[in-house]
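Participant: To be precise about what I am sending: the file is called query21.txt and holds compact mmCIF, C-alpha atoms.
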# COMPACT_ATOMS: atom_id res chain seq x y z
CA MET X 901 -102.84 -66.36 4.97
CA SER X 902 -102.93 -69.17 7.50
CA THR X 903 -104.12 -72.53 6.22
CA GLN X 904 -106.20 -72.93 9.39
CA ASN X 905 -108.63 -70.27 8.17
CA ARG X 906 -109.04 -71.69 4.68
CA TYR X 907 -109.21 -74.98 2.84
CA THR X 908 -106.10 -76.53 1.35
CA VAL X 909 -106.74 -76.35 -2.38
CA THR X 910 -104.91 -75.84 -5.63
CA PRO X 911 -105.41 -72.28 -6.90
CA THR X 912 -107.05 -72.87 -10.26
CA VAL X 913 -110.04 -71.39 -12.05
CA SER X 914 -112.07 -74.60 -11.74
CA VAL X 915 -111.45 -74.79 -7.99
CA LEU X 916 -112.45 -71.12 -7.72
CA ALA X 917 -115.77 -71.89 -9.44
CA VAL X 918 -116.36 -74.82 -7.07
CA MET X 919 -115.61 -72.68 -4.02
CA LYS X 920 -117.95 -69.94 -5.24
CA ALA X 921 -120.71 -72.52 -5.72
CA ARG X 922 -120.10 -73.87 -2.21
CA LEU X 923 -120.19 -70.36 -0.78
CA ALA X 924 -123.49 -69.66 -2.54
CA GLY X 925 -124.91 -72.91 -1.14
CA ALA X 926 -123.63 -72.12 2.35
CA THR X 927 -125.15 -68.64 2.19
CA LYS X 928 -128.51 -69.99 1.07
CA GLY X 929 -128.40 -72.74 3.69
CA HIS X 930 -127.55 -70.21 6.39
CA SER X 931 -130.51 -68.06 5.36
CA LEU X 932 -132.90 -71.04 5.38
CA LEU X 933 -131.64 -72.32 8.72
CA LYS X 934 -131.98 -68.82 10.16
CA LYS X 935 -135.62 -68.70 9.05
CA LYS X 936 -136.16 -72.20 10.44
CA ALA X 937 -134.66 -71.17 13.79
CA ASP X 938 -136.95 -68.11 13.90
CA ALA X 939 -140.02 -70.26 13.16
CA LEU X 940 -139.03 -72.80 15.82
CA ASN X 941 -138.42 -70.06 18.38
CA MET X 942 -141.82 -68.52 17.67
CA ARG X 943 -143.55 -71.90 18.08
CA PHE X 944 -141.43 -72.55 21.20
CA ARG X 945 -142.66 -69.36 22.83
CA GLN X 946 -146.26 -70.19 21.92
CA ILE X 947 -145.98 -73.66 23.45
CA LEU X 948 -144.31 -72.24 26.56
CA LYS X 949 -147.19 -69.80 27.04
CA LYS X 950 -149.73 -72.62 26.61
CA ILE X 951 -147.85 -74.78 29.12
CA VAL X 952 -147.94 -72.01 31.71
CA ASP X 953 -151.66 -71.40 31.13
CA ASN X 954 -152.48 -75.13 31.21
CA LYS X 955 -150.56 -75.66 34.43
CA GLU X 956 -152.45 -72.85 36.09
CA GLU X 957 -155.74 -74.25 34.79
CA MET X 958 -154.66 -77.76 35.81
CA GLY X 959 -154.22 -76.64 39.42
CA LYS X 960 -157.72 -75.20 39.51
CA VAL X 961 -159.30 -78.24 37.82
CA MET X 962 -157.53 -80.73 40.08
CA LYS X 963 -158.58 -78.74 43.11
CA ALA X 964 -162.21 -78.82 41.98
CA SER X 965 -161.97 -82.52 41.06
CA PHE X 966 -160.69 -83.64 44.43
CA PHE X 967 -163.24 -81.44 46.14
CA SER X 968 -166.02 -83.14 44.16
CA LEU X 969 -164.48 -86.53 45.03
CA ALA X 970 -164.66 -85.63 48.70
CA GLN X 971 -168.30 -84.62 48.26
CA ALA X 972 -169.10 -87.89 46.50
CA LYS X 973 -167.40 -89.94 49.21
CA TYR X 974 -169.22 -88.00 51.85
CA ALA X 975 -172.58 -88.60 50.18
CA THR X 976 -172.04 -92.21 49.02
CA GLY X 977 -169.15 -93.61 50.93
CA ASP X 978 -166.29 -95.57 49.37
CA PHE X 979 -167.45 -96.44 45.84
CA LYS X 980 -164.08 -97.40 44.40
CA HIS X 981 -164.82 -101.14 44.16
CA THR X 982 -168.17 -100.44 42.56
CA VAL X 983 -166.47 -98.39 39.82
CA PHE X 984 -163.88 -101.14 39.22
CA ASP X 985 -166.61 -103.74 38.82
CA SER X 986 -168.59 -101.52 36.42
CA VAL X 987 -165.71 -100.86 34.00
CA ASP X 988 -164.95 -103.51 31.35
CA GLN X 989 -162.74 -101.48 29.01
CA ALA X 990 -161.38 -97.97 28.78
CA THR X 991 -163.69 -95.36 27.32
CA PHE X 992 -160.96 -92.72 27.14
CA LYS X 993 -157.91 -93.39 24.98
CA VAL X 994 -154.96 -91.32 23.87
CA LYS X 995 -154.27 -90.98 20.16
CA ALA X 996 -150.76 -90.05 19.08
CA SER X 997 -150.03 -88.05 15.93
CA GLN X 998 -147.32 -85.74 14.58
CA ASP X 999 -147.23 -82.06 13.79
CA ASN X 1000 -144.70 -80.68 11.32
CA VAL X 1001 -143.10 -77.34 12.18
CA ALA X 1002 -140.37 -76.17 9.76
CA GLY X 1003 -139.33 -79.75 9.07
CA VAL X 1004 -139.36 -80.80 12.75
CA ARG X 1005 -141.88 -83.51 13.65
CA LEU X 1006 -143.51 -82.76 16.97
CA PRO X 1007 -145.46 -85.48 18.79
CA LYS X 1008 -149.06 -84.60 19.48
CA PHE X 1009 -151.44 -86.40 21.85
CA GLU X 1010 -155.22 -86.18 21.74
CA GLY X 1011 -157.82 -87.67 24.05
CA VAL X 1012 -160.45 -89.77 22.31
CA LYS X 1013 -163.70 -90.94 23.93
CA GLU X 1014 -164.92 -94.25 22.55
CA GLY X 1015 -168.56 -94.93 23.34
CA ALA X 1016 -170.14 -94.68 26.78
CA ASP X 1017 -170.31 -97.29 29.50
CA SER X 1018 -173.92 -97.50 30.62
CA LYS X 1019 -172.96 -99.24 33.85
CA LEU X 1020 -171.20 -96.12 35.13
CA GLY X 1021 -174.49 -94.22 35.02
CA LEU X 1022 -176.03 -96.75 37.42
CA ILE X 1023 -173.54 -96.08 40.17
CA GLY X 1024 -175.05 -94.26 43.11
CA LEU X 1025 -178.68 -94.83 42.26
CA GLY X 1026 -179.47 -95.21 45.93
CA THR X 1027 -177.68 -92.11 47.08
CA GLY X 1028 -174.98 -89.75 45.90
CA GLY X 1029 -175.44 -90.39 42.19
CA LYS X 1030 -175.30 -86.71 41.28
CA GLN X 1031 -172.08 -86.14 43.20
CA ILE X 1032 -170.47 -89.19 41.56
CA GLN X 1033 -171.34 -88.01 38.04
CA GLU X 1034 -170.07 -84.51 38.80
CA CYS X 1035 -166.88 -86.06 40.18
CA ARG X 1036 -166.53 -88.13 36.98
CA LYS X 1037 -166.98 -85.05 34.78
CA SER X 1038 -164.44 -83.10 36.81
CA PHE X 1039 -161.83 -85.83 36.50
CA MET X 1040 -162.52 -86.28 32.76
CA THR X 1041 -161.80 -82.56 32.31
CA ALA X 1042 -158.62 -83.02 34.33
CA VAL X 1043 -157.57 -85.97 32.15
CA ASP X 1044 -158.16 -83.90 28.98
CA LEU X 1045 -155.97 -81.13 30.37
CA LEU X 1046 -153.37 -83.68 31.44
CA VAL X 1047 -153.15 -85.16 27.95
CA GLU X 1048 -152.88 -81.70 26.40
CA LEU X 1049 -150.20 -80.75 28.91
CA ALA X 1050 -148.27 -83.97 28.14
CA SER X 1051 -148.45 -83.16 24.42
CA LEU X 1052 -147.25 -79.60 25.00
CA GLN X 1053 -144.36 -80.64 27.24
CA THR X 1054 -143.22 -83.37 24.82
CA ALA X 1055 -143.32 -80.88 21.94
CA PHE X 1056 -141.49 -78.38 24.17
CA LEU X 1057 -138.59 -80.79 24.78
CA THR X 1058 -138.45 -81.82 21.12
CA LEU X 1059 -138.41 -78.19 20.00
CA ASP X 1060 -135.71 -77.36 22.52
CA GLU X 1061 -133.39 -80.01 21.06
CA ALA X 1062 -134.25 -78.98 17.48
CA ILE X 1063 -133.54 -75.31 18.25
CA LYS X 1064 -130.19 -76.17 19.82
CA THR X 1065 -129.21 -78.26 16.79
CA THR X 1066 -130.36 -75.58 14.34
CA ASN X 1067 -128.52 -72.84 16.22
CA ARG X 1068 -125.34 -74.92 16.21
CA ARG X 1069 -125.63 -75.35 12.45
CA VAL X 1070 -126.33 -71.65 11.93
CA ASN X 1071 -123.32 -70.68 14.04
CA ALA X 1072 -121.11 -73.22 12.26
CA LEU X 1073 -122.10 -71.86 8.86
CA GLU X 1074 -121.78 -68.24 9.96
CA HIS X 1075 -118.52 -68.43 11.91
CA VAL X 1076 -116.67 -71.42 10.43
CA VAL X 1077 -117.78 -72.54 6.97
CA LYS X 1078 -118.48 -69.20 5.31
CA PRO X 1079 -115.29 -67.46 6.58
CA ARG X 1080 -113.19 -70.42 5.42
CA LEU X 1081 -114.81 -70.39 2.00
CA GLU X 1082 -114.38 -66.62 1.71
CA ASN X 1083 -110.72 -66.85 2.75
CA THR X 1084 -110.17 -69.69 0.30
CA ILE X 1085 -111.73 -67.69 -2.54
CA ALA X 1086 -109.61 -64.66 -1.64
CA TYR X 1087 -106.50 -66.86 -1.58
CA ILE X 1088 -107.28 -68.39 -4.98
CA LYS X 1089 -107.98 -64.96 -6.49
CA GLY X 1090 -104.71 -63.62 -5.12
CA GLU X 1091 -102.76 -66.56 -6.50
CA LEU X 1092 -104.47 -66.26 -9.90
CA ASP X 1093 -103.73 -62.53 -10.00
CA GLU X 1094 -100.11 -63.24 -9.15
CA LEU X 1095 -99.91 -65.84 -11.91
CA GLU X 1096 -101.49 -63.37 -14.33
CA ARG X 1097 -98.95 -60.71 -13.40
CA GLU X 1098 -96.11 -63.19 -13.84
CA GLU X 1099 -97.49 -64.21 -17.24
CA PHE X 1100 -97.83 -60.56 -18.27
CA PHE X 1101 -94.27 -59.82 -17.16
CA ARG X 1102 -93.00 -62.88 -19.03
CA LEU X 1103 -94.78 -61.81 -22.22
CA LYS X 1104 -93.37 -58.29 -21.94
CA LYS X 1105 -89.90 -59.74 -21.37
CA VAL X 1106 -90.26 -61.99 -24.41
CA GLN X 1107 -91.42 -59.07 -26.55
CA SER X 1108 -88.55 -56.93 -25.32
CA ASN X 1109 -86.04 -59.65 -26.13
CA LYS X 1110 -87.57 -60.14 -29.58
CA LYS X 1111 -87.37 -56.40 -30.20
CA LYS X 1112 -83.72 -56.29 -29.14
CA HIS X 1113 -82.87 -59.23 -31.37
CA ALA X 1114 -84.72 -57.63 -34.28
CA GLU X 1115 -82.88 -54.32 -33.81
CA ALA X 1116 -79.54 -56.10 -33.58
CA ALA X 1117 -80.34 -58.07 -36.74
CA ASP X 1118 -81.33 -54.86 -38.56
CA ALA X 1119 -78.12 -53.12 -37.47
CA LEU X 1120 -76.01 -56.08 -38.60
CA GLU X 1121 -77.78 -56.16 -41.95
CA ALA X 1122 -77.26 -52.41 -42.38
CA ALA X 1123 -73.58 -52.77 -41.56
CA ARG X 1124 -73.19 -55.56 -44.09
CA ALA X 1125 -75.03 -53.54 -46.73
CA GLY X 1126 -72.81 -50.51 -46.03
CA ALA X 1127 -69.69 -52.61 -46.32
CA LYS X 1128 -70.73 -54.02 -49.69
CA GLY X 1129 -71.58 -50.53 -51.12
CA GLY X 1130 -68.27 -48.87 -49.99
CA ALA X 1131 -65.86 -51.18 -51.92
CA PRO X 1132 -67.06 -50.36 -55.52
CA ALA X 1133 -67.07 -46.66 -54.70
CA ALA X 1134 -63.46 -46.88 -53.55
CA ARG X 1135 -62.42 -48.72 -56.75
CA ALA X 1136 -64.18 -46.13 -58.93
CA GLY X 1137 -62.35 -43.28 -57.15
CA THR X 1138 -59.00 -45.00 -57.75
CA ARG X 1139 -59.67 -45.32 -61.46
CA GLU X 1140 -60.62 -41.66 -61.76
CA ASN X 1141 -57.40 -40.63 -60.01
CA GLU X 1142 -55.33 -42.79 -62.38
CA ALA X 1143 -57.01 -41.26 -65.47
CA ALA X 1144 -56.40 -37.73 -64.15
CA ASN X 1145 -52.75 -38.50 -63.53
CA VAL X 1146 -52.27 -39.85 -67.09
CA LEU X 1147 -53.91 -36.77 -68.59
CA ALA X 1148 -51.71 -34.45 -66.55
CA ALA X 1149 -48.62 -36.33 -67.63
CA GLU X 1150 -49.55 -35.97 -71.31
CA LEU X 1151 -50.11 -32.24 -70.96
CA GLN X 1152 -46.71 -31.82 -69.38
CA ASP X 1153 -44.90 -33.72 -72.21
CA ALA X 1154 -43.30 -31.11 -74.65
CA ASP X 1155 -42.56 -33.58 -77.40
CA ILE X 1156 -46.17 -34.12 -78.28
CA ILE X 1157 -47.06 -32.15 -81.46
CA PHE X 1158 -50.60 -31.65 -82.47
Can you turn what I pasted into structure tokens?

Facilitator:
Amino acid sequence: MSTQNRYTVTPTVSVLAVMKARLAGATKGHSLLKKKADALNMRFRQILKKIVDNKEEMGKVMKASFFSLAQAKYATGDFKHTVFDSVDQATFKVKASQDNVAGVRLPKFEGVKEGADSKLGLIGLGTGGKQIQECRKSFMTAVDLLVELASLQTAFLTLDEAIKTTNRRVNALEHVVKPRLENTIAYIKGELDELEREEFFRLKKVQSNKKKHAEAADALEAARAGAKGGAPAARAGTRENEAANVLAAELQDADIIF
């Protein structure tokens, strides 16, 4: 097995346990990242749909706003300087917050209206007041949509980067980390099995040698015992032959008188 597809480790039982734990962690992490990527993609599609709808609505609102501005200018004339003089501080502010989606913090912008400037209501008292107020309402609606669109587009870009990062991590775990861990575990198991077979063969060889030595020792002991038992038997046979010869000689002697 090529070392490029696995980690360089020592094949031991402890390392095998560590690799199995890492594989379990990688599998769980891959599953969680996959779920995170699915949640981000779902929110991404929702935001994309809202962006498309808001842009279409924005075109209509801006068209109506500039039309009302033209009507107000036609009825009142140029009232820009009057509006500048009547405004002391902003009555519309943008509040920034964060929205958490599967661990990703998305920026969120909201338009906040703080009080009401009474001086703005006095513009156009002589003529064109109604058109100016309608123009103001139209542009306030446009500003609300603009803030919402800015929030959606910022969240869209943030989600796009988060999805790319999450997909890279998912692919790395799926195609790099997990295969390497699995190959490493297979390598360690193969080496441990080989060591076990070698140990089993060594034990069998040792037992076989012990058995051969025991049989040889038993045969040698039997040979020694046989050698010790054969010598007395031979001496006893010699004595019996001598006694028989003496008796035969006495029977053959004619001078013996009973």

Participant: Using all atoms listed in the file, which of X:Ala996, X:Leu1073, X:Ala1086, X:Ala1116 sits nearest Lys1008 (chain X)?

Facilitator: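 Ranking X:Ala996, X:Leu1073, X:Ala1086, X:Ala1116 by distance to Lys1008 (chain X), first place goes to X:Ala996.
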
Participant: What lies within 12 Å of Val1077 (chain X) using all atoms listed in the file, ignoring chain neighbours under 6 positions off, as a list of chain:residue names?

Facilitator: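 Non-adjacent residues within range: X:Gln904, X:Asn905, X:Arg906, X:Tyr907, X:Met919, X:Arg922, X:Leu923, X:Ala924, X:Gly925, X:Ala926, X:Thr927, X:Gly929, X:His930, X:Arg1069, X:Val1070, X:Asn1071, X:Asn1083, X:Thr1084.
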
Participant: List as JSON, numbers by chain the residues having at least one atom at most 9 Å from position (-171.3, -87.4, 41.9) as given in the file, counting only C-alpha atoms.

Facilitator: {"X": [968, 969, 971, 972, 973, 975, 976, 1024, 1028, 1029, 1030, 1031, 1032, 1033, 1034, 1035, 1036, 1037]}

Participant: Distance CA of Thr912 (chain X)-CA of Glu1091 (chain X), one decimal place?

Facilitator: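 Computed distance, CA of Thr912 (chain X) to CA of Glu1091 (chain X), equals 8.5 Å.
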
Participant: Write out as a ChimeraX atom specification the residues lying within 10 Å of Ala939 (chain X), counting only C-alpha atoms and excluding same-chain residues fewer than 5 positions away.

Facilitator: /X:933-934,944,1001-1002,1063

Participant: Just give me the gap between CA of Ala964 (chain X) and CA of Leu1046 (chain X) in Å, one decimal is fine.

Facilitator: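 CA of Ala964 (chain X) sits 14.6 Å away from CA of Leu1046 (chain X).
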
Participant: Work out how far apart CA of Ala921 (chain X) and CA of Ile1085 (chain X) are and give it in Å to one decimal.

Facilitator: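 Distance reported for this atom pair: 10.7 Å.
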
Participant: Nearest residue to Lys928 (chain X) out of X:Lys1110, X:Arg1068, X:Lys1104, X:Lys1078, using only C-alpha atoms?

Facilitator: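 When distances to Lys928 (chain X) are compared using only C-alpha atoms, the smallest one comes from X:Lys1078.
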
Participant: Quick one: of X:Ala1042, X:Val952, X:Ala1122, X:Leu1006, who's nearest to Thr1054 (chain X), counting only C-alpha atoms?

Facilitator: X:Leu1006

Participant: Return the single residue from X:Asp1044, X:Ser1051, X:Glu1099, X:Tyr974 that is closest to Glu957 (chain X), with distances computed using all atoms listed in the file.

Facilitator: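 Among the listed residues, X:Asp1044 lies closest to Glu957 (chain X).
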
Participant: Hey, what's within 8 Å of Leu916 (chain X) if we count all atoms listed in the file and toss same-chain stuff fewer than 5 positions away? As a list of chain:residue names, please?

Facilitator: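 Using all atoms listed in the file, the neighbours found are X:Pro911, X:Ile1085, X:Ile1088, X:Lys1089.
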
Participant: Go ahead and save the residues from that selection, with C-alpha atoms, as a short mmCIF file (atom, residue, chain, number, x, y, z; two decimals), in the frame of the given file.

Facilitator:
data_model
loop_
_atom_site.label_atom_id
_atom_site.label_comp_id
_atom_site.auth_asym_id
_atom_site.auth_seq_id
_atom_site.Cartn_x
_atom_site.Cartn_y
_atom_site.Cartn_z
CA PRO X 911 -105.41 -72.28 -6.90
CA ILE X 1085 -111.73 -67.69 -2.54
CA ILE X 1088 -107.28 -68.39 -4.98
CA LYS X 1089 -107.98 -64.96 -6.49
#

Participant: Please produce region 937-956 of chain X, completed to N, CA, C and O atoms, as a CSV table (one decimal), in the coordinates of the input.

Facilitator:
chain,number,residue,atom,x,y,z
X,937,ALA,N,-134.9,-71.4,12.4
X,937,ALA,CA,-134.7,-71.2,13.8
X,937,ALA,C,-135.7,-70.1,14.3
X,937,ALA,O,-136.2,-70.3,15.4
X,938,ASP,N,-136.0,-69.1,13.5
X,938,ASP,CA,-137.0,-68.1,13.9
X,938,ASP,C,-138.3,-68.7,14.0
X,938,ASP,O,-139.1,-68.4,15.0
X,939,ALA,N,-138.7,-69.6,13.1
X,939,ALA,CA,-140.0,-70.3,13.2
X,939,ALA,C,-140.1,-71.2,14.4
X,939,ALA,O,-141.1,-71.2,15.1
X,940,LEU,N,-139.0,-71.9,14.7
X,940,LEU,CA,-139.0,-72.8,15.8
X,940,LEU,C,-139.1,-72.0,17.1
X,940,LEU,O,-139.8,-72.4,18.1
X,941,ASN,N,-138.4,-70.9,17.2
X,941,ASN,CA,-138.4,-70.1,18.4
X,941,ASN,C,-139.8,-69.5,18.6
X,941,ASN,O,-140.3,-69.4,19.8
X,942,MET,N,-140.5,-69.1,17.5
X,942,MET,CA,-141.8,-68.5,17.7
X,942,MET,C,-142.8,-69.6,18.2
X,942,MET,O,-143.6,-69.4,19.1
X,943,ARG,N,-142.7,-70.8,17.6
X,943,ARG,CA,-143.6,-71.9,18.1
X,943,ARG,C,-143.2,-72.3,19.5
X,943,ARG,O,-144.0,-72.7,20.3
X,944,PHE,N,-141.9,-72.2,19.8
X,944,PHE,CA,-141.4,-72.6,21.2
X,944,PHE,C,-142.0,-71.6,22.2
X,944,PHE,O,-142.5,-72.1,23.3
X,945,ARG,N,-142.1,-70.3,21.9
X,945,ARG,CA,-142.7,-69.4,22.8
X,945,ARG,C,-144.2,-69.6,23.0
X,945,ARG,O,-144.7,-69.4,24.1
X,946,GLN,N,-144.8,-69.9,21.9
X,946,GLN,CA,-146.3,-70.2,21.9
X,946,GLN,C,-146.6,-71.4,22.8
X,946,GLN,O,-147.5,-71.4,23.6
X,947,ILE,N,-145.8,-72.5,22.6
X,947,ILE,CA,-146.0,-73.7,23.4
X,947,ILE,C,-145.7,-73.4,24.9
X,947,ILE,O,-146.4,-73.8,25.8
X,948,LEU,N,-144.6,-72.6,25.2
X,948,LEU,CA,-144.3,-72.2,26.6
X,948,LEU,C,-145.5,-71.5,27.2
X,948,LEU,O,-145.8,-71.8,28.4
X,949,LYS,N,-146.1,-70.6,26.5
X,949,LYS,CA,-147.2,-69.8,27.0
X,949,LYS,C,-148.4,-70.7,27.3
X,949,LYS,O,-149.0,-70.6,28.4
X,950,LYS,N,-148.6,-71.7,26.4
X,950,LYS,CA,-149.7,-72.6,26.6
X,950,LYS,C,-149.5,-73.5,27.8
X,950,LYS,O,-150.4,-73.9,28.6
X,951,ILE,N,-148.2,-73.9,28.0
X,951,ILE,CA,-147.8,-74.8,29.1
X,951,ILE,C,-148.1,-74.1,30.4
X,951,ILE,O,-148.7,-74.6,31.4
X,952,VAL,N,-147.7,-72.8,30.5
X,952,VAL,CA,-147.9,-72.0,31.7
X,952,VAL,C,-149.4,-71.9,32.0
X,952,VAL,O,-149.9,-72.1,33.1
X,953,ASP,N,-150.2,-71.5,31.0
X,953,ASP,CA,-151.7,-71.4,31.1
X,953,ASP,C,-152.3,-72.7,31.5
X,953,ASP,O,-153.2,-72.8,32.4
X,954,ASN,N,-151.9,-73.8,30.9
X,954,ASN,CA,-152.5,-75.1,31.2
X,954,ASN,C,-152.1,-75.6,32.6
X,954,ASN,O,-153.0,-76.2,33.3
X,955,LYS,N,-150.9,-75.3,33.1
X,955,LYS,CA,-150.6,-75.7,34.4
X,955,LYS,C,-151.4,-74.9,35.5
X,955,LYS,O,-151.8,-75.5,36.5
X,956,GLU,N,-151.6,-73.6,35.2
X,956,GLU,CA,-152.4,-72.8,36.1
X,956,GLU,C,-153.9,-73.4,36.1
X,956,GLU,O,-154.5,-73.5,37.1
